[in-house]
$ cat data_23.cif   # mmCIF, C-alpha atoms
data_my_file
#
loop_
_atom_site.label_atom_id
_atom_site.label_comp_id
_atom_site.auth_asym_id
_atom_site.auth_seq_id
_atom_site.Cartn_x
_atom_site.Cartn_y
_atom_site.Cartn_z
CA MET A 1 -8.22 -43.54 204.61
CA LYS A 2 -10.10 -46.47 203.05
CA PHE A 3 -8.88 -49.89 202.10
CA LYS A 4 -10.62 -52.13 199.64
CA ASP A 5 -9.26 -55.44 198.33
CA ASN A 6 -5.79 -54.57 199.63
CA ILE A 7 -5.76 -51.38 197.55
CA SER A 8 -4.82 -48.46 199.68
CA ALA A 9 -6.07 -44.95 199.23
CA LEU A 10 -4.41 -42.29 201.28
CA ASP A 11 -5.96 -38.93 201.98
CA THR A 12 -4.08 -35.69 202.50
CA THR A 13 -3.95 -36.21 206.28
CA ASP A 14 -2.18 -39.54 205.79
CA LEU A 15 0.24 -37.93 203.37
CA ARG A 16 0.99 -35.13 205.83
CA ILE A 17 1.66 -37.72 208.54
CA LEU A 18 3.96 -39.66 206.18
CA GLU A 19 5.79 -36.47 205.30
CA ALA A 20 6.28 -35.69 208.98
CA LEU A 21 7.61 -39.21 209.62
CA GLN A 22 9.94 -39.01 206.65
CA LYS A 23 11.41 -35.83 208.10
CA ASN A 24 11.79 -37.34 211.56
CA ALA A 25 10.50 -40.83 212.36
CA ARG A 26 11.36 -40.44 216.05
CA GLN A 27 8.71 -37.78 216.64
CA THR A 28 5.99 -38.69 219.13
CA TYR A 29 2.34 -39.01 218.03
CA THR A 30 1.66 -35.91 220.12
CA ALA A 31 4.37 -33.90 218.36
CA ILE A 32 3.10 -34.93 214.92
CA GLY A 33 -0.47 -34.18 215.96
CA LYS A 34 0.52 -30.78 217.30
CA SER A 35 2.36 -29.78 214.12
CA LEU A 36 -0.52 -30.96 211.90
CA GLY A 37 -3.40 -29.83 214.10
CA LEU A 38 -4.59 -33.38 214.79
CA ALA A 39 -5.38 -35.34 217.93
CA HIS A 40 -2.56 -37.71 218.88
CA SER A 41 -5.06 -40.60 218.83
CA THR A 42 -5.83 -39.81 215.16
CA VAL A 43 -2.12 -39.82 214.34
CA TYR A 44 -1.68 -43.12 216.25
CA ASP A 45 -4.61 -44.83 214.49
CA ARG A 46 -3.53 -43.75 211.02
CA ILE A 47 0.12 -44.71 211.56
CA LYS A 48 -0.85 -48.12 212.92
CA ARG A 49 -3.16 -48.71 209.97
CA MET A 50 -0.46 -47.69 207.49
CA GLU A 51 1.98 -50.03 209.25
CA ARG A 52 -0.51 -52.90 209.07
CA HIS A 53 -1.05 -52.37 205.34
CA GLY A 54 2.69 -52.18 204.62
CA ILE A 55 2.59 -48.55 203.54
CA ILE A 56 5.05 -47.78 206.31
CA LYS A 57 7.53 -50.59 205.88
CA GLU A 58 10.06 -49.85 208.61
CA TYR A 59 11.72 -47.22 210.74
CA THR A 60 15.45 -47.16 210.26
CA ALA A 61 18.56 -45.12 210.99
CA VAL A 62 20.37 -43.44 208.09
CA ILE A 63 24.06 -43.89 208.78
CA ASP A 64 26.95 -41.94 207.30
CA ALA A 65 29.22 -44.90 206.55
CA GLU A 66 32.26 -42.65 206.12
CA LYS A 67 31.85 -41.05 209.52
CA ALA A 68 31.14 -44.46 211.04
CA GLY A 69 34.58 -45.48 209.80
CA THR A 70 33.58 -48.24 207.41
CA LYS A 71 35.61 -48.36 204.23
CA ASN A 72 33.42 -50.36 201.93
CA ILE A 73 33.37 -50.22 198.17
CA ILE A 74 30.04 -49.50 196.53
CA ALA A 75 29.55 -50.45 192.90
CA ILE A 76 26.76 -50.49 190.36
CA MET A 77 26.50 -53.64 188.30
CA THR A 78 24.72 -53.55 184.95
CA ILE A 79 23.82 -57.12 184.13
CA PHE A 80 22.77 -58.00 180.57
CA THR A 81 20.40 -60.94 180.71
CA ASP A 82 18.42 -63.39 178.67
CA PRO A 83 14.92 -61.81 178.82
CA LYS A 84 13.33 -65.17 179.69
CA LYS A 85 15.51 -65.57 182.77
CA SER A 86 15.76 -61.98 183.88
CA ASP A 87 13.27 -62.16 186.75
CA LYS A 88 14.95 -65.27 188.14
CA VAL A 89 18.34 -63.53 188.03
CA ALA A 90 16.91 -60.48 189.79
CA GLU A 91 15.26 -62.65 192.48
CA LYS A 92 18.51 -64.54 193.06
CA LEU A 93 20.42 -61.27 193.40
CA CYS A 94 17.96 -60.09 196.03
CA GLU A 95 18.97 -63.03 198.24
CA ALA A 96 22.61 -61.94 198.48
CA PRO A 97 23.42 -59.74 201.49
CA GLN A 98 26.04 -57.87 199.42
CA ILE A 99 23.32 -56.59 197.09
CA LEU A 100 21.68 -53.41 198.37
CA GLU A 101 19.27 -52.58 195.55
CA VAL A 102 18.05 -54.37 192.42
CA TYR A 103 16.22 -52.83 189.45
CA THR A 104 15.28 -54.00 185.96
CA SER A 105 15.28 -51.77 182.94
CA LEU A 106 14.39 -52.22 179.31
CA SER A 107 16.58 -50.28 176.89
CA GLU A 108 17.96 -51.98 173.78
CA GLU A 109 18.47 -55.09 175.86
CA LEU A 110 16.95 -56.22 179.10
CA LEU A 111 19.14 -55.03 181.92
CA ILE A 112 19.34 -55.54 185.63
CA MET A 113 20.99 -52.84 187.65
CA ALA A 114 22.16 -53.69 191.13
CA LYS A 115 23.98 -51.78 193.82
CA VAL A 116 26.55 -53.93 195.55
CA VAL A 117 28.77 -53.42 198.58
CA ALA A 118 32.10 -55.14 199.25
CA GLU A 119 35.03 -54.80 201.63
CA SER A 120 37.59 -54.52 198.84
CA GLN A 121 37.97 -54.66 195.07
CA GLU A 122 39.12 -58.24 195.41
CA SER A 123 36.07 -59.32 197.41
CA LEU A 124 33.83 -57.46 194.94
CA HIS A 125 35.39 -59.37 192.05
CA GLU A 126 35.20 -62.67 193.93
CA PHE A 127 31.51 -62.13 194.66
CA ILE A 128 30.65 -61.24 191.05
CA ALA A 129 32.75 -64.08 189.61
CA SER A 130 31.45 -66.76 191.95
CA SER A 131 27.87 -65.65 192.62
CA VAL A 132 26.63 -63.43 189.79
CA ALA A 133 28.33 -64.54 186.55
CA PRO A 134 27.32 -68.23 187.08
CA LEU A 135 23.60 -67.42 187.37
CA PRO A 136 21.73 -68.95 184.40
CA GLY A 137 20.62 -66.16 182.07
CA VAL A 138 23.50 -63.77 182.78
CA LEU A 139 25.02 -62.77 179.43
CA ARG A 140 27.63 -60.24 180.55
CA ILE A 141 28.27 -57.73 183.32
CA ARG A 142 29.55 -54.16 183.45
CA THR A 143 30.56 -52.89 186.86
CA SER A 144 31.25 -49.29 187.82
CA MET A 145 32.74 -48.50 191.18
CA ILE A 146 31.38 -45.41 192.87
CA THR A 147 34.18 -42.99 193.66
CA LYS A 148 32.30 -39.96 195.00
CA LYS A 149 28.76 -39.34 196.16
CA PHE A 150 27.27 -35.95 195.26
CA LYS A 151 23.69 -36.50 196.42
CA GLU A 152 21.63 -39.10 198.19
CA THR A 153 18.05 -38.45 199.23
CA ARG A 154 15.02 -40.55 199.86
CA PHE A 155 11.92 -40.25 197.77
CA SER A 156 9.27 -38.26 199.62
CA ILE A 157 5.72 -39.21 198.73
CA ALA A 158 4.37 -35.82 199.74
CA ASP A 159 6.81 -33.94 197.51
CA ASN A 160 5.42 -35.47 194.34
CA PRO A 161 2.33 -33.56 193.14
CA LYS A 162 1.52 -36.09 190.38
CA LYS A 163 1.50 -38.91 192.90
CA LEU A 164 -0.81 -36.89 195.13
CA THR A 165 -3.25 -36.41 192.26
CA LEU A 166 -3.25 -40.12 191.47
CA ILE A 167 -3.87 -41.06 195.06
CA LYS A 168 -6.68 -38.56 195.35
CA GLU A 169 -8.29 -39.86 192.15
CA LYS A 170 -8.08 -43.43 193.38
CA HIS A 171 -9.54 -42.35 196.71
CA ASN A 172 -12.43 -40.58 194.99
CA LYS A 173 -13.14 -43.61 192.79
CA ILE A 174 -13.29 -45.93 195.77
CA GLY A 175 -15.57 -43.42 197.48
CA GLU A 176 -17.82 -43.27 194.39
CA ASN A 177 -18.04 -47.06 194.19
CA LYS A 178 -19.18 -47.18 197.79
CA ARG A 179 -22.04 -44.82 197.18
CA MET B 180 43.47 -89.18 187.20
CA ASN B 181 43.53 -87.91 183.61
CA SER B 182 39.82 -88.34 183.18
CA ARG B 183 39.29 -86.32 186.34
CA ILE B 184 41.28 -83.41 184.91
CA LEU B 185 39.45 -83.70 181.59
CA ARG B 186 35.96 -83.85 183.13
CA THR B 187 33.23 -81.29 182.50
CA LEU B 188 32.47 -79.18 185.54
CA PRO B 189 29.15 -77.84 186.74
CA ARG B 190 28.37 -74.24 185.80
CA GLU B 191 29.21 -72.85 189.22
CA LYS B 192 32.75 -74.26 188.98
CA ALA B 193 33.41 -72.84 185.50
CA PHE B 194 36.09 -70.28 184.71
CA TYR B 195 34.47 -66.91 183.96
CA PHE B 196 36.42 -64.50 181.77
CA PHE B 197 36.50 -60.87 182.91
CA THR B 198 38.33 -57.90 181.39
CA SER B 199 38.73 -56.07 184.71
CA ILE B 200 37.24 -56.10 188.22
CA GLY B 201 33.54 -56.94 187.90
CA ASN B 202 33.41 -56.77 184.09
CA TYR B 203 32.34 -60.17 182.81
CA THR B 204 32.75 -60.83 179.07
CA GLY B 205 30.05 -63.49 178.85
CA GLU B 206 32.63 -66.18 178.06
CA SER B 207 33.18 -69.14 180.36
CA ALA B 208 34.77 -72.59 180.30
CA THR B 209 33.61 -75.73 182.07
CA SER B 210 36.46 -78.05 181.01
CA LEU B 211 40.12 -77.98 180.06
CA LYS B 212 39.17 -78.43 176.41
CA GLU B 213 36.72 -75.53 176.50
CA PHE B 214 39.23 -73.41 178.42
CA MET B 215 41.83 -74.06 175.74
CA ASP B 216 39.36 -73.10 172.99
CA LYS B 217 38.33 -69.93 174.79
CA ILE B 218 41.96 -68.83 175.23
CA SER B 219 42.18 -68.33 171.50
CA GLU B 220 38.79 -66.56 171.37
CA VAL B 221 38.64 -64.12 174.28
CA ASN B 222 40.18 -60.69 173.93
CA LEU B 223 43.74 -60.01 175.00
CA LYS B 224 42.68 -57.62 177.73
CA SER B 225 40.86 -60.47 179.45
CA LEU B 226 43.84 -62.82 179.08
CA GLU B 227 46.26 -60.27 180.55
CA PHE B 228 43.87 -59.45 183.40
CA HIS B 229 43.57 -63.06 184.56
CA PHE B 230 47.11 -64.17 183.70
CA TYR B 231 48.82 -61.55 185.87
CA ARG B 232 46.41 -62.05 188.76
CA GLY B 233 47.23 -65.78 188.75
CA ASP B 234 43.57 -66.67 188.15
CA PHE B 235 44.33 -69.31 185.49
CA GLU B 236 46.77 -71.19 187.70
CA LYS B 237 44.44 -71.02 190.66
CA TRP B 238 41.47 -72.43 188.74
CA ILE B 239 43.55 -75.12 187.05
CA ALA B 240 45.17 -76.21 190.32
CA GLU B 241 42.16 -75.94 192.63
CA VAL B 242 39.20 -76.73 190.41
CA LEU B 243 40.54 -78.84 187.55
CA GLU B 244 43.10 -80.28 190.00
CA ASP B 245 45.99 -80.26 187.53
CA LYS B 246 48.94 -78.97 189.55
CA GLU B 247 51.44 -79.79 186.80
CA LEU B 248 49.69 -77.58 184.26
CA ALA B 249 49.28 -74.82 186.86
CA GLU B 250 53.05 -74.88 187.47
CA GLN B 251 53.79 -74.65 183.75
CA ILE B 252 51.59 -71.56 183.48
CA GLY B 253 53.29 -70.07 186.55
CA THR B 254 56.69 -70.58 184.95
CA PHE B 255 55.46 -68.95 181.75
CA ARG B 256 54.28 -65.89 183.71
CA LYS B 257 57.84 -65.24 184.85
CA MET B 258 58.66 -64.45 181.22
CA SER B 259 56.13 -61.55 181.37
CA PRO B 260 54.51 -62.22 177.99
CA ILE B 261 51.88 -59.81 176.67
CA GLY B 262 49.48 -59.58 173.72
CA GLU B 263 49.67 -62.24 171.03
CA ASN B 264 52.78 -63.77 172.62
CA LEU B 265 50.75 -64.41 175.75
CA LYS B 266 47.83 -65.88 173.82
CA ASN B 267 49.99 -68.12 171.62
CA GLY B 268 52.23 -69.20 174.51
CA LEU B 269 49.29 -70.11 176.70
CA TYR B 270 47.60 -72.00 173.91
CA ARG B 271 50.78 -74.00 173.21
CA ILE B 272 51.09 -74.99 176.88
CA LEU B 273 47.44 -75.99 177.03
CA ILE B 274 47.32 -78.01 173.81
CA ARG B 275 50.51 -79.87 174.74
CA ARG B 276 49.10 -80.79 178.13
CA TYR B 277 45.67 -81.63 176.75
CA SER B 278 47.12 -83.92 174.06
CA ARG B 279 49.27 -85.71 176.62
CA LEU B 280 46.35 -86.23 179.02
CA ARG B 281 44.21 -87.58 176.17
CA SER B 282 46.90 -89.98 174.94
CA VAL B 283 47.60 -91.58 178.33
CA PRO B 284 44.61 -93.50 179.68
#
$ encode --input "data_23.cif" --output "structure tokens"
Amino acid sequence: MKFKDNISALDTTDLRILEALQKNARQTYTAIGKSLGLAHSTVYDRIKRMERHGIIKEYTAVIDAEKAGTKNIIAIMTIFTDPKKSDKVAEKLCEAPQILEVYTSLSEELLIMAKVVAESQESLHEFIASSVAPLPGVLRIRTSMITKKFKETRFSIADNPKKLTLIKEKHNKIGENKR
Amino acid sequence: MNSRILRTLPREKAFYFFTSIGNYTGESATSLKEFMDKISEVNLKSLEFHFYRGDFEKWIAEVLEDKELAEQIGTFRKMSPIGENLKNGLYRILIRRYSRLRSVP
């Protein structure tokens, strides 16, 4: 693993470690090392380096909200915006604790898509009416409430062959430049 | 008192017209005058959504601070108007009140 000007290049060992952590982040360095045929000190060093460079952002628990007994409403807001103010709207949305995810998309118009959580339909409406609609640049909003979840997985870096190729290419280039 | 009711509000205090939960039309009003104008412009679905939730009365009473107008709208709701009757009835109430507030200093 080499870092140059804050650009990270991961090798296949790093990716295998990341894959192992994505499967189970509570594994010990020794357990990861054993499964990958690496010394636990190697695993430790690489994980610490990836933490320092923000490649590993956090370790968190994935909770089944239904089993935990919380009855929140999840909705997807599609916000049509003035293109000049779109980034500001997205940044403002990120500040709200009710907003779980924010994305921008360019189709016929510039859109922001945001996943929002609320205790009830009424609190969802209150939040959108008082905190989202008034944001300068918001033109209109479509909101769809999620009624049933069929799949939810996390993106795995090691499962994406194209990504692996790109990372390898970048790694090689950095290696070439050093020579 | 009248000038207070007729004032223009900041954007965050405006009335935002929705057609259902979370679906914002893009129309808003920052004064009684603008609210009155928008009543004749926004679609009927939006009017019915807010009217039967009591949103108009709430905003008029709490934000514009015109309890008398809010009561008139509440009384009108008891007649369960829909469609064009709702739009025309609301507009009549608003224009009457607006004209009276403008005529009395």
$ residues_around --input "data_23.cif" --residues "B:Lys237" --least-positions-apart "6" --cutoff "12 Å" --atoms "all atoms listed in the file" --output "count of residues only"
14
$ interface_residues --input "data_23.cif" --of "chain A" --to "chain B" --cutoff "12 Å" --atoms "all atoms listed in the file" --output "VMD selection string"
chain A and resid 74 to 82 116 118 120 to 145
$ residues_around --input "data_23.cif" --residues "A:Pro83" --least-positions-apart "4" --cutoff "10 Å" --atoms "only C-alpha atoms" --output "PyMOL selection string"
chain A and resi 87-89+106+109-111+137-138
$ residues_around --input "data_23.cif" --residues "stretch 38-48 of chain A" --least-positions-apart "4" --cutoff "9 Å" --atoms "only C-alpha atoms" --output "JSON, numbers by chain"
{"A": [1, 13, 14, 17, 18, 28, 29, 30, 31, 32, 33, 34, 52, 53, 56]}
$ closest_residue --input "data_23.cif" --among "B:Arg256, B:Lys217, B:Arg232, B:Lys224" --to "B:Tyr270" --atoms "all atoms listed in the file"
B:Lys217
$ atom_distance --input "data_23.cif" --atom1 "atom CA of B:Lys212" --atom2 "atom CA of B:Ile274"
8.6 Å
$ atom_distance --input "data_23.cif" --atom1 "atom CA of B:Ile184" --atom2 "atom CA of B:Ala240"
9.8 Å
$ closest_residue --input "data_23.cif" --among "B:Leu280, B:Val221, B:Leu226, B:Leu188" --to "B:Gly268" --atoms "all atoms listed in the file"
B:Leu226
$ atom_distance --input "data_23.cif" --atom1 "atom CA of B:Tyr277" --atom2 "atom CA of B:Val242"
15.9 Å
$ axis_aligned_box --input "data_23.cif" --around "stretch 142-153 of chain A" --padding-each-side "6 Å" --output "JSON"
{"center_x": 26.1, "center_y": -45.1, "center_z": 191.3, "size_x": 28.1, "size_y": 30.2, "size_z": 27.8}
